Amino acid sequence: MCLAIPGKLTSITAQLDETFRVGKVSFGGILKDVNLAMVPQANIGDYVLVHVGVAISVIDEAEAHKTFEYIKQIGELEDLGPDQPKPQQP
Amino acid sequence: MKFISEYRDQELVRQYLQEIHRITTRPWTIMEICGGQTHSLVKNGILDMLPNAITMVHGPGCPVCVTPLGIIDEAILLALRQEVILCSFGDMLRVPGSAMSLLEAKARGADVRIVYSPLEAVRLAAEHPEREVVFFAVGFETTAPANALSVVQADKMGIRNYSILASHVLVPPAMEAILSDPETRIDAFLAAGHVCTIMGMNEYDPIVAKYQTPIVVTGFEPVDLLQGILMAVQQLERGEARLENQYARVVTREGNRLAQDVINQVFDVSDRAWRGIGTIPLSGLEVKGDYSGYNARAKFKLAETAVKENPDCISGEIMKGMKKPHQCPMFGTRCKPEHPLGAPMVSSEGACAAYYQYAQTLHEA
Ligand code: SF4
C-alpha cells in the first residue's frame with residue numbers, strides 16, 4: 001500500500017503555476033505521468049520516489065551510497081581486500 | 001533498476017546477516033510497522049536467516065487490512081447507487097464487507113473501477129459530469145497527500161461531482177497504542193520509511209523518550225531492512241534508545257513540508273477504528289468542514305455502522321506479537337486470502353496473507 005518506486009524524471013510536460021507541475025518519469029524504461037507538485041526542487045535527470053502517481057521525494061544520491069558504506073565502517077568488508085575503483089559511467 | 005537492484009545484492013545481504021549474528025547476545029523482539037516491510041521480510045526469506053534470538057513482530061501497517069468492515073460496507077453501498085462510479089486502489093476490491101466485496105458488487109452491475117492514482121479519479125469526474133465519482137481513499141500518511149491533492153485539484157478545476165470516502169490511519173498513535181498495551185513486549189521498532197518521507201522524524205522523538213524504545217526509520221529492500229535491524233540490535237545490545245534514520249536517501253528529518261501542508265489543508269485529525277485493534281484516539285484523518293462538498297460521507301449522508309468481527313480471528317494477538325499467523329487454528333483452513341476471516345489475511349501486506357503466500361519459505365515452527 002505504501003509502496004513507492006524510484007524513477008528518473010525525464011521531462012516536464014505541464015506547468016500550471018510555479019508549484020503545479022506534471023512530468024514523465026521513467027521506471028526502468030516504462031514512462032508514466034507523475035504529479036510533481038510536492039517536489040518543486042526536482043530537476044530533469046533526478047531520481048524521484050513516486051507513490052500513487054505523485055512524486056513524494058527526490059532521492060539523495062550521496063546518502064544512497066552510504067547504505068553500502070555503512071557495513072564497510074563496521075569493518076566487515078576488510079576481508080574482501082581493498083576497493084576496486086569502479087569504471088565511471090559516461 | 002537504479003536504486004532497487006543494488007539493494008537486493010546477495011553479498012551485501014550476507015554481510016549484514018553475518019554482522020547481526022555476530023553482535024546478538026540476547027533475545028530481542030523488533031516490530032516492523034509497515035506491511036510492505038512484512039511482505040519483503042517474508043518474501044525474501046529474511047525471517048529464517050536472522051538469529052533465533054531475534055523475533056520480528058509484524059505491525060498493523062497495512063491500511064487495507066485495518067480498514068473497518070463498516071467502512072467497506074459504506075463503499076459498497078455507494079457503489080450500488082446508480083449515479084456513482086466508485087474508484088479505488090486494486091487491493092480494496094477483494095476485501096469482503098459483511099455481505100459482499102466491491103468486486104462482487106461490480107459483478108452485480110455496480111460501476112467499480114480500479115485506479116492507480118486518485119488524480120485519475122478526478123479526471124474521470126471531469127469526463128463524466130453526469131455521474132458522481134467517489135474515490136475510496138484508504139492509506140497511511142504516505143498516501144494522504146495524493147488523496148488530499150485530488151480534492152484540491154478538483155476544487156481548483158471547479159469539479160463538483162467528485163468526492164472521497166476517507167479511511168486514513170496514522171502511524172505514531174498506533175505505535176503508542178501498541179507500546180502502552182501491557183500485554184506487548186516490543187524492544188525496538190523499524191519505522192515505516194515512506195510514512196516518514198512525508199511526515200519526517202520529529203513525531204518519533206517523544207515516543208523514543210517516553211518508552212525508552214529505539215526506533216530506526218527503515219526502507220523496504222532486503223539490504224535496507226537488514227541494515228535497519230542491525231542498527232536496532234546495535235542500540236539494544238548497547239542499552240541505548242535513540243531515533244535513527246537508515247533511509248536517509250529518501251527521508252529527511254523535516255519530511256516533505258508541501259505534502260504535510262496539503263494534508264492539513266484538506267484533513268482534520270480524528271479518532272479512528274482499526275480493524276482487529278479497535279478505536280485509537282486521534283489516529284485517523286477526516287475531510288475538513290471547508291471541503292465537505294468533497295466528503296462522500298457528508299455528500300451522501302452516510303452513517304458508519306459498527307460491524308462485528310469474526311470471533312475466531314486472533315488478529316489482535318498477531319498484531320501484538322503474541323502469536324504467529326500459523327499458530328492460528330483458522331490459518332490456511334477456514335481463513336485464506338480468498339476468504340479472509342480477519343484483517344491480516346486481507347491483503348498481501350497483512351502478516352497472515354504474507355505467511356500464507358510464502359508458507360513454503362517458512363519453518364513450520
Ligand atoms: S489466520 Fe485468519 S483468522 Fe487467523 S488471525 Fe490471521 S486473519 Fe485472523
# chains A, B, ... in the order shown; residues from 1 in each chain; ligands from 1

call {"tool": "residues_around", "arguments": {"residues": "region 46-63 of chain A", "least_positions_apart": "3", "cutoff": "9 Å", "atoms": "only C-alpha atoms", "output": "ChimeraX atom specification"}}
result
/A:2-10,25,32-39,41-43,66-67 /B:2-3,89,116-120,142-143,145-146,194,197-198,247-251,255-256,259

call {"tool": "residues_near_ligand", "arguments": {"ligand": "ligand 1", "cutoff": "10 Å", "atoms": "only C-alpha atoms and all ligand atoms", "output": "PyMOL selection string"}}
result
chain B and resi 65+276+309-319+323-337+339-346+350-353+355-356

call {"tool": "select_by_dssp", "arguments": {"residues": "region 160-219 of chain B", "states": "strand (DSSP E)", "output": "NGL selection string"}}
result
:B and (162-169 or 188-192 or 215-218)

call {"tool": "write_last_selection", "arguments": {"atoms": "all heavy atoms", "output": "short mmCIF file (atom, residue, chain, number, x, y, z; two decimals), in the first residue's frame"}}
result
data_model
loop_
_atom_site.label_atom_id
_atom_site.label_comp_id
_atom_site.auth_asym_id
_atom_site.auth_seq_id
_atom_site.Cartn_x
_atom_site.Cartn_y
_atom_site.Cartn_z
N TYR B 162 -17.10 15.12 -7.68
CA TYR B 162 -16.04 14.27 -7.15
C TYR B 162 -16.09 14.33 -5.63
O TYR B 162 -16.32 15.39 -5.05
CB TYR B 162 -14.67 14.75 -7.64
CG TYR B 162 -13.51 13.97 -7.07
CD1 TYR B 162 -13.26 12.67 -7.47
CD2 TYR B 162 -12.66 14.54 -6.11
CE1 TYR B 162 -12.20 11.94 -6.93
CE2 TYR B 162 -11.60 13.82 -5.57
CZ TYR B 162 -11.37 12.52 -6.00
OH TYR B 162 -10.33 11.80 -5.46
N SER B 163 -15.90 13.18 -4.99
CA SER B 163 -15.78 13.17 -3.53
C SER B 163 -14.95 11.97 -3.10
O SER B 163 -14.72 11.05 -3.89
CB SER B 163 -17.16 13.12 -2.87
OG SER B 163 -17.87 11.97 -3.29
N ILE B 164 -14.47 12.02 -1.86
CA ILE B 164 -13.68 10.89 -1.36
C ILE B 164 -14.34 10.29 -0.11
O ILE B 164 -14.92 11.00 0.70
CB ILE B 164 -12.21 11.26 -1.06
CG1 ILE B 164 -12.09 12.27 0.08
CG2 ILE B 164 -11.51 11.78 -2.30
CD1 ILE B 164 -10.64 12.55 0.50
N LEU B 165 -14.27 8.97 -0.03
CA LEU B 165 -14.68 8.25 1.18
C LEU B 165 -13.37 7.94 1.91
O LEU B 165 -12.63 7.04 1.52
CB LEU B 165 -15.42 6.97 0.80
CG LEU B 165 -15.86 6.08 1.96
CD1 LEU B 165 -16.88 6.78 2.85
CD2 LEU B 165 -16.46 4.77 1.44
N ALA B 166 -13.06 8.75 2.93
CA ALA B 166 -11.73 8.67 3.54
C ALA B 166 -11.69 7.61 4.63
O ALA B 166 -12.56 7.52 5.47
CB ALA B 166 -11.34 10.03 4.11
N SER B 167 -10.63 6.79 4.57
CA SER B 167 -10.34 5.85 5.64
C SER B 167 -8.83 5.92 5.88
O SER B 167 -8.09 5.01 5.54
CB SER B 167 -10.77 4.44 5.24
OG SER B 167 -10.39 3.52 6.24
N HIS B 168 -8.43 7.04 6.46
CA HIS B 168 -6.99 7.29 6.65
C HIS B 168 -6.56 6.98 8.07
O HIS B 168 -7.25 7.34 9.02
CB HIS B 168 -6.65 8.75 6.34
CG HIS B 168 -6.28 8.93 4.92
ND1 HIS B 168 -5.10 8.44 4.42
CD2 HIS B 168 -6.91 9.52 3.89
CE1 HIS B 168 -5.04 8.73 3.13
NE2 HIS B 168 -6.12 9.37 2.78
N VAL B 169 -5.42 6.32 8.20
CA VAL B 169 -4.89 5.99 9.52
C VAL B 169 -3.47 6.57 9.67
O VAL B 169 -2.77 6.76 8.68
CB VAL B 169 -4.87 4.47 9.75
CG1 VAL B 169 -6.22 4.00 10.28
CG2 VAL B 169 -4.51 3.69 8.50
N ALA B 188 12.20 -2.85 20.09
CA ALA B 188 12.59 -1.79 19.15
C ALA B 188 11.62 -1.79 17.97
O ALA B 188 10.96 -2.79 17.68
CB ALA B 188 14.01 -2.03 18.64
N PHE B 189 11.54 -0.67 17.30
CA PHE B 189 10.69 -0.53 16.11
C PHE B 189 11.51 -0.22 14.87
O PHE B 189 12.47 0.56 14.93
CB PHE B 189 9.72 0.65 16.27
CG PHE B 189 8.50 0.36 17.07
CD1 PHE B 189 8.38 0.84 18.36
CD2 PHE B 189 7.45 -0.36 16.52
CE1 PHE B 189 7.24 0.59 19.11
CE2 PHE B 189 6.31 -0.61 17.26
CZ PHE B 189 6.20 -0.14 18.55
N LEU B 190 11.11 -0.78 13.75
CA LEU B 190 11.52 -0.24 12.46
C LEU B 190 10.37 0.65 12.02
O LEU B 190 9.25 0.17 11.83
CB LEU B 190 11.74 -1.36 11.43
CG LEU B 190 12.72 -2.48 11.78
CD1 LEU B 190 12.90 -3.39 10.57
CD2 LEU B 190 14.07 -1.93 12.22
N ALA B 191 10.61 1.95 11.91
CA ALA B 191 9.54 2.84 11.47
C ALA B 191 9.42 2.78 9.95
O ALA B 191 10.38 2.47 9.25
CB ALA B 191 9.81 4.27 11.94
N ALA B 192 8.23 3.08 9.45
CA ALA B 192 7.92 2.91 8.03
C ALA B 192 8.52 4.04 7.19
O ALA B 192 8.12 5.20 7.33
CB ALA B 192 6.41 2.87 7.84
N ILE B 215 13.97 3.47 17.80
CA ILE B 215 13.19 3.47 16.56
C ILE B 215 14.16 3.76 15.42
O ILE B 215 14.91 4.74 15.47
CB ILE B 215 12.07 4.54 16.58
CG1 ILE B 215 11.08 4.25 17.72
CG2 ILE B 215 11.35 4.59 15.23
CD1 ILE B 215 9.93 5.26 17.83
N VAL B 216 14.15 2.90 14.40
CA VAL B 216 15.01 3.10 13.24
C VAL B 216 14.12 3.25 12.00
O VAL B 216 13.39 2.32 11.64
CB VAL B 216 15.99 1.92 13.04
CG1 VAL B 216 16.90 2.19 11.84
CG2 VAL B 216 16.83 1.68 14.30
N VAL B 217 14.15 4.42 11.40
CA VAL B 217 13.42 4.65 10.16
C VAL B 217 14.08 3.81 9.07
O VAL B 217 15.29 3.93 8.84
CB VAL B 217 13.43 6.14 9.77
CG1 VAL B 217 12.75 6.37 8.43
CG2 VAL B 217 12.79 6.99 10.87
N THR B 218 13.30 2.94 8.41
CA THR B 218 13.89 1.91 7.55
C THR B 218 13.19 1.83 6.20
O THR B 218 11.98 2.03 6.10
CB THR B 218 13.82 0.54 8.29
OG1 THR B 218 14.48 0.66 9.54
CG2 THR B 218 14.49 -0.57 7.49
#

call {"tool": "select_by_dssp", "arguments": {"residues": "region 29-68 of chain A", "states": "helix (DSSP H, G or I)", "output": "list of chain:residue names"}}
result
A:Glu61, A:Ala62, A:Glu63, A:Ala64, A:His65, A:Lys66, A:Thr67, A:Phe68

call {"tool": "closest_residue", "arguments": {"among": "B:Gly293, B:Gly97, B:Pro281, B:Gly59", "to": "Val134 (chain B)", "atoms": "only C-alpha atoms"}}
result
B:Gly293

call {"tool": "atom_distance", "arguments": {"atom1": "CA of Asp271 (chain B)", "atom2": "CA of Ser283 (chain B)"}}
result
5.5 Å

call {"tool": "atom_distance", "arguments": {"atom1": "CA of Gln73 (chain A)", "atom2": "CA of Leu236 (chain B)"}}
result
19.2 Å

call {"tool": "atom_distance", "arguments": {"atom1": "CA of Val287 (chain B)", "atom2": "CA of Glu32 (chain B)"}}
result
28.7 Å
